[in-house]
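Participant: A single structure is presented below for examination.
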Amino acid sequence: MTANALDVDPRITGEWFAVIASASLKTGEPIATTLAGEPLVLWRSADGVAHVWRDRCPHRGARLSLGRIAGDRVHCPYHGWQFAADASCAHWPAHPAEAPPAVARAVAYPAQEAYGLVWTCLGEPARALLEFAPYHQPGRRAGIDGPHDFNACGPRIIENFLDLAHFPFVHPGVLGEVPHTSVPDYEVITTSAGVEGHRCRFWQPKPSGLATGGAEVEYTYRVLHPFVASLGKLPDRPDAFDVLMVTSPLDETHTRVWKINVFADCDDAQAERFVGFSRAAMLQDKPIVESQWPKPLPLDPRAEVHQRADRLAAAYRRWLRERGWSYGVTTA
């Protein structure tokens, strides 16, 4: 059974969003979280299946996350109602000899696991879960950085991820360095499915966690979802890597962020260097993105002044506007 979240833009209820790292969802441990203002309870049954429910008992509205999991049933902390894995009420202790009515059930949302995360949709999915092909390539491994909670909206975070011009100023000595501030022209492709940036080149003093010197690198960016984007970096080098930037709204101006880093198979120490490199960049971006005002991303092209290096960000804004997207953005 699925149901739309209350008071949420209907466009957002058809999209898949990550809610927790798969490794953090243990069998028999209910976890409370929020997605787009909707309180959720996450739990894993003994068969390994992840469940995402509205965090509300249908009886008197208590938070199910305050209860417990026993015998693959969620036990409400208030009156002890027990909900089976299909969200139906299997037992109400005040009337132990009677079967609960069919209407006595929790609200369950669809759940899938992919890229080391549990994903859900607050309504009927409008499309399949996004594809991130590098994650499945042989000879590669993945490392997750996050979650990081930002006092910022998802579209602002995604736009920052797509930006080259800030590198020398926010990531000096690593992703950029003055006087190497020029952003060469690059190609932007927009389709109904998303936005892509190709041949995005920039000189960096330390292009990766394994790099020992500077080099000009090339990025390929892809917007896969209004709140998710990816990049491929350093093609044809042993320290090449890909990143999936996953942002999920806690509400319109607070966002939970994960970065899925994919790189050549290596030992644990090298893997941590890749992930640590990504984490350091994230933490440098955080105060800048949180400082941006207004909080929502302006989609009116007259609202902020643009430069030629912003072509990919401008295309992302147009794509959101053409989709009629209104969550985490302003249109006037």
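Each chain in the structure tokens gets a letter, A, B, ..., in the order shown, and its residues are numbered from 1; ligands are numbered from 1 in order too.
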For segment 129-143 of chain A, please output as a PyMOL selection string all residues within 9 Å (counting only C-alpha atoms; exclusion window: fewer than 2 positions along the same chain).

Facilitator: chain A and resi 15-16+112+114-116+119+125+127+145+224-225+228+230+232+241-244+259-266+271-272+274-275

Participant: Take the residues from that selection and put them in a file with C-alpha atoms, as a short mmCIF file (atom, residue, chain, number, x, y, z; two decimals), in the first residue's frame.

Facilitator:
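Generated file (selection_26.cif):
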```cif
data_model
loop_
_atom_site.label_atom_id
_atom_site.label_comp_id
_atom_site.auth_asym_id
_atom_site.auth_seq_id
_atom_site.Cartn_x
_atom_site.Cartn_y
_atom_site.Cartn_z
CA GLU A 15 10.64 10.80 -7.36
CA TRP A 16 12.95 8.32 -5.63
CA GLN A 112 14.59 -0.23 -3.04
CA ALA A 114 20.87 0.56 -4.74
CA TYR A 115 24.35 2.12 -4.63
CA GLY A 116 24.66 1.35 -0.94
CA TRP A 119 15.58 4.67 -1.56
CA PRO A 125 6.90 6.26 -8.72
CA ARG A 127 9.94 6.51 -13.25
CA ASP A 145 30.78 9.49 2.31
CA LEU A 224 20.10 12.29 -13.28
CA HIS A 225 17.27 13.56 -11.06
CA VAL A 228 20.94 13.84 -7.86
CA SER A 230 27.10 12.48 -11.09
CA GLY A 232 33.29 11.27 -14.02
CA PHE A 241 36.95 8.04 -10.27
CA ASP A 242 33.22 8.71 -10.48
CA VAL A 243 30.94 10.33 -7.92
CA LEU A 244 27.20 10.13 -7.42
CA LYS A 259 28.51 11.00 -2.01
CA ILE A 260 29.01 7.59 -3.59
CA ASN A 261 32.64 7.40 -4.76
CA VAL A 262 33.59 4.72 -7.31
CA PHE A 263 37.23 4.04 -8.14
CA ALA A 264 39.61 1.29 -9.23
CA ASP A 265 39.71 -1.67 -6.85
CA CYS A 266 42.37 -1.08 -4.23
CA ALA A 271 39.99 3.51 -0.60
CA GLU A 272 39.90 5.71 2.49
CA PHE A 274 39.66 8.45 -2.14
CA VAL A 275 36.70 8.84 0.22
#
```

Participant: I need the residues in segment 33-134 of chain A that are helix (DSSP H, G or I) according to DSSP; give them as a ChimeraX atom specification.

Facilitator: /A:64-66,133-134

Participant: So which residues of segment 92-317 of chain A fall under strand (DSSP E or B) by DSSP, listed as an MDAnalysis selection string?

Facilitator: chainID A and resid 105 108:109 111:114 117:120 140:150 172 176:177 180 187:191 194:204 215:225 228:233 241:251 254:264 297:298

Participant: Leaving out segment 320-329 of chain A and any residue of its chain fewer than 3 positions from it, which residues lie within 6 Å of it when counting only C-alpha atoms, given as an MDAnalysis selection string?

Facilitator: chainID A and resid 153 252 296:298 317

Participant: Please report, as a tab-separated table, each residue of segment 2-69 of chain A lying at most 12 Å from segment 89-100 of chain A, together with the nearest pair of atoms and the separation in Å rounded to one decimal; use only C-alpha atoms, and order rows by chain and ascending residue number.

Facilitator:
```
residue	atom	partner	partner_atom	distance
A:Cys57	CA	A:Cys89	CA	9.9
A:Pro58	CA	A:Cys89	CA	9.5
A:His59	CA	A:Trp92	CA	10.1
```

Participant: What is the distance, in Å and to one decimal place, between atom CA of Thr331 of chain A and atom CA of Ile189 of chain A?

Facilitator: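 Atom CA of Ile189 of chain A lies at a distance of 22.4 Å from atom CA of Thr331 of chain A.
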
Participant: Hey, can you check how far atom CA of Thr255 of chain A sits from atom CA of Ala240 of chain A?

Facilitator: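 Computed distance, atom CA of Thr255 of chain A to atom CA of Ala240 of chain A, equals 28.1 Å.
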
Participant: I'd like the interatomic distance between atom CA of Pro101 of chain A and atom CA of His51 of chain A, to a tenth of an Å.

Facilitator: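 For atom CA of Pro101 of chain A relative to atom CA of His51 of chain A, the distance reads 22.0 Å.
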
Participant: Which neighbours of Arg308 of chain A fall inside 10 Å, counting only C-alpha atoms, when residues of the same chain fewer than 3 positions from it are skipped, and could you give them as a list of chain:residue names?

Facilitator: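 Counting only C-alpha atoms, the residues come to A:Val183, A:Pro184, A:Asp185, A:Tyr186, A:Arg311, A:Leu312, A:Ala314.
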
Participant: With N, CA, C and O atoms kept, could you save the residues just selected as an mmCIF file, in the first residue's frame?

Facilitator:
```cif
data_model
loop_
_atom_site.group_PDB
_atom_site.id
_atom_site.type_symbol
_atom_site.label_atom_id
_atom_site.label_comp_id
_atom_site.auth_asym_id
_atom_site.auth_seq_id
_atom_site.Cartn_x
_atom_site.Cartn_y
_atom_site.Cartn_z
ATOM 1 N N VAL A 183 37.999 29.142 -16.818
ATOM 2 C CA VAL A 183 37.170 27.978 -17.121
ATOM 3 C C VAL A 183 36.965 27.920 -18.633
ATOM 4 O O VAL A 183 36.239 28.745 -19.201
ATOM 5 N N PRO A 184 37.609 26.982 -19.330
ATOM 6 C CA PRO A 184 37.417 26.879 -20.779
ATOM 7 C C PRO A 184 35.966 26.552 -21.123
ATOM 8 O O PRO A 184 35.226 25.982 -20.318
ATOM 9 N N ASP A 185 35.570 26.912 -22.332
ATOM 10 C CA ASP A 185 34.224 26.571 -22.785
ATOM 11 C C ASP A 185 34.047 25.059 -22.815
ATOM 12 O O ASP A 185 35.005 24.303 -23.040
ATOM 13 N N TYR A 186 32.830 24.624 -22.589
ATOM 14 C CA TYR A 186 32.513 23.200 -22.577
ATOM 15 C C TYR A 186 31.146 22.993 -23.214
ATOM 16 O O TYR A 186 30.430 23.958 -23.523
ATOM 17 N N ARG A 311 27.231 27.963 -17.618
ATOM 18 C CA ARG A 311 26.307 27.421 -18.617
ATOM 19 C C ARG A 311 25.637 26.136 -18.146
ATOM 20 O O ARG A 311 24.455 25.911 -18.395
ATOM 21 N N LEU A 312 26.374 25.276 -17.450
ATOM 22 C CA LEU A 312 25.783 24.016 -16.984
ATOM 23 C C LEU A 312 24.755 24.287 -15.890
ATOM 24 O O LEU A 312 23.664 23.705 -15.902
ATOM 25 N N ALA A 314 23.063 27.047 -15.496
ATOM 26 C CA ALA A 314 21.922 27.696 -16.129
ATOM 27 C C ALA A 314 21.027 26.677 -16.824
ATOM 28 O O ALA A 314 19.791 26.780 -16.781
#
```

Participant: Between A:Asp55, A:Asp236, A:Asp9, A:Asp163, which residue has the minimum interatomic distance to Trp43 of chain A, considering only C-alpha atoms?

Facilitator: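 Nearest to Trp43 of chain A: A:Asp55.
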
Participant: Compile the contact shell of segment 61-76 of chain A as a ChimeraX atom specification: residues with an atom at most 8 Å away, counting only C-alpha atoms, same-chain residues fewer than 6 positions apart removed.

Facilitator: /A:28-32,41-42,45-46,55,82-85

Participant: Keeping N, CA, C and O atoms, export the residues of the selection given above as a short mmCIF file (atom, residue, chain, number, x, y, z; two decimals), in the first residue's frame.

Facilitator:
```
data_model
loop_
_atom_site.label_atom_id
_atom_site.label_comp_id
_atom_site.auth_asym_id
_atom_site.auth_seq_id
_atom_site.Cartn_x
_atom_site.Cartn_y
_atom_site.Cartn_z
N GLY A 28 15.74 -5.49 12.85
CA GLY A 28 15.11 -5.37 14.15
C GLY A 28 15.29 -4.06 14.86
O GLY A 28 14.95 -3.93 16.04
N GLU A 29 15.84 -3.02 14.17
CA GLU A 29 16.07 -1.72 14.82
C GLU A 29 15.31 -0.63 14.05
O GLU A 29 15.73 -0.23 12.97
N PRO A 30 14.21 -0.12 14.58
CA PRO A 30 13.50 0.95 13.89
C PRO A 30 14.30 2.25 13.94
O PRO A 30 14.91 2.59 14.96
N ILE A 31 14.31 2.98 12.84
CA ILE A 31 15.04 4.24 12.75
C ILE A 31 14.10 5.32 12.24
O ILE A 31 13.42 5.13 11.22
N ALA A 32 14.06 6.45 12.93
CA ALA A 32 13.24 7.57 12.51
C ALA A 32 14.02 8.49 11.59
O ALA A 32 15.21 8.75 11.82
N VAL A 41 9.53 5.91 9.42
CA VAL A 41 10.22 4.91 10.22
C VAL A 41 10.79 3.89 9.24
O VAL A 41 10.11 3.41 8.32
N LEU A 42 12.07 3.58 9.40
CA LEU A 42 12.77 2.63 8.55
C LEU A 42 13.09 1.40 9.38
O LEU A 42 13.48 1.50 10.54
N SER A 45 13.44 -6.32 8.01
CA SER A 45 12.91 -7.59 8.52
C SER A 45 13.97 -8.68 8.44
O SER A 45 15.03 -8.50 7.83
N ALA A 46 13.69 -9.82 9.04
CA ALA A 46 14.68 -10.90 9.15
C ALA A 46 15.09 -11.44 7.79
O ALA A 46 16.18 -12.01 7.64
N ASP A 55 5.79 7.31 9.78
CA ASP A 55 6.06 7.10 11.21
C ASP A 55 4.85 7.53 12.04
O ASP A 55 4.90 8.48 12.83
N GLN A 82 0.42 -4.44 16.76
CA GLN A 82 1.51 -5.08 16.06
C GLN A 82 1.22 -5.10 14.56
O GLN A 82 0.15 -5.56 14.13
N PHE A 83 2.18 -4.61 13.79
CA PHE A 83 2.01 -4.50 12.35
C PHE A 83 2.96 -5.46 11.64
O PHE A 83 4.17 -5.48 11.91
N ALA A 84 2.41 -6.29 10.75
CA ALA A 84 3.19 -7.25 9.99
C ALA A 84 3.97 -6.54 8.88
O ALA A 84 3.78 -5.34 8.62
N ALA A 85 4.84 -7.27 8.19
CA ALA A 85 5.69 -6.68 7.17
C ALA A 85 4.91 -6.07 6.01
O ALA A 85 5.41 -5.18 5.32
#
```

Participant: Can you work out which one of A:Leu210, A:Ala128, A:Ala281, A:Val118 has the shortest atom-to-atom distance to Leu175 of chain A, counting only C-alpha atoms?

Facilitator: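 Closest residue, counting only C-alpha atoms: A:Ala281.
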
Participant: Let me make sure I understand: among A:Ala303, A:Asn160, A:Ser88, A:Trp53, which one has the smallest atom-to-atom distance to Ala108 of chain A if we use only C-alpha atoms?

Facilitator: A:Trp53

Participant: I need the residue nearest Ala21 of chain A from this list: A:His166, A:Arg156, A:Arg199, A:Arg256. Use only C-alpha atoms for the distance.

Facilitator: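 The shortest atom-to-atom distance to Ala21 of chain A comes from A:Arg256.
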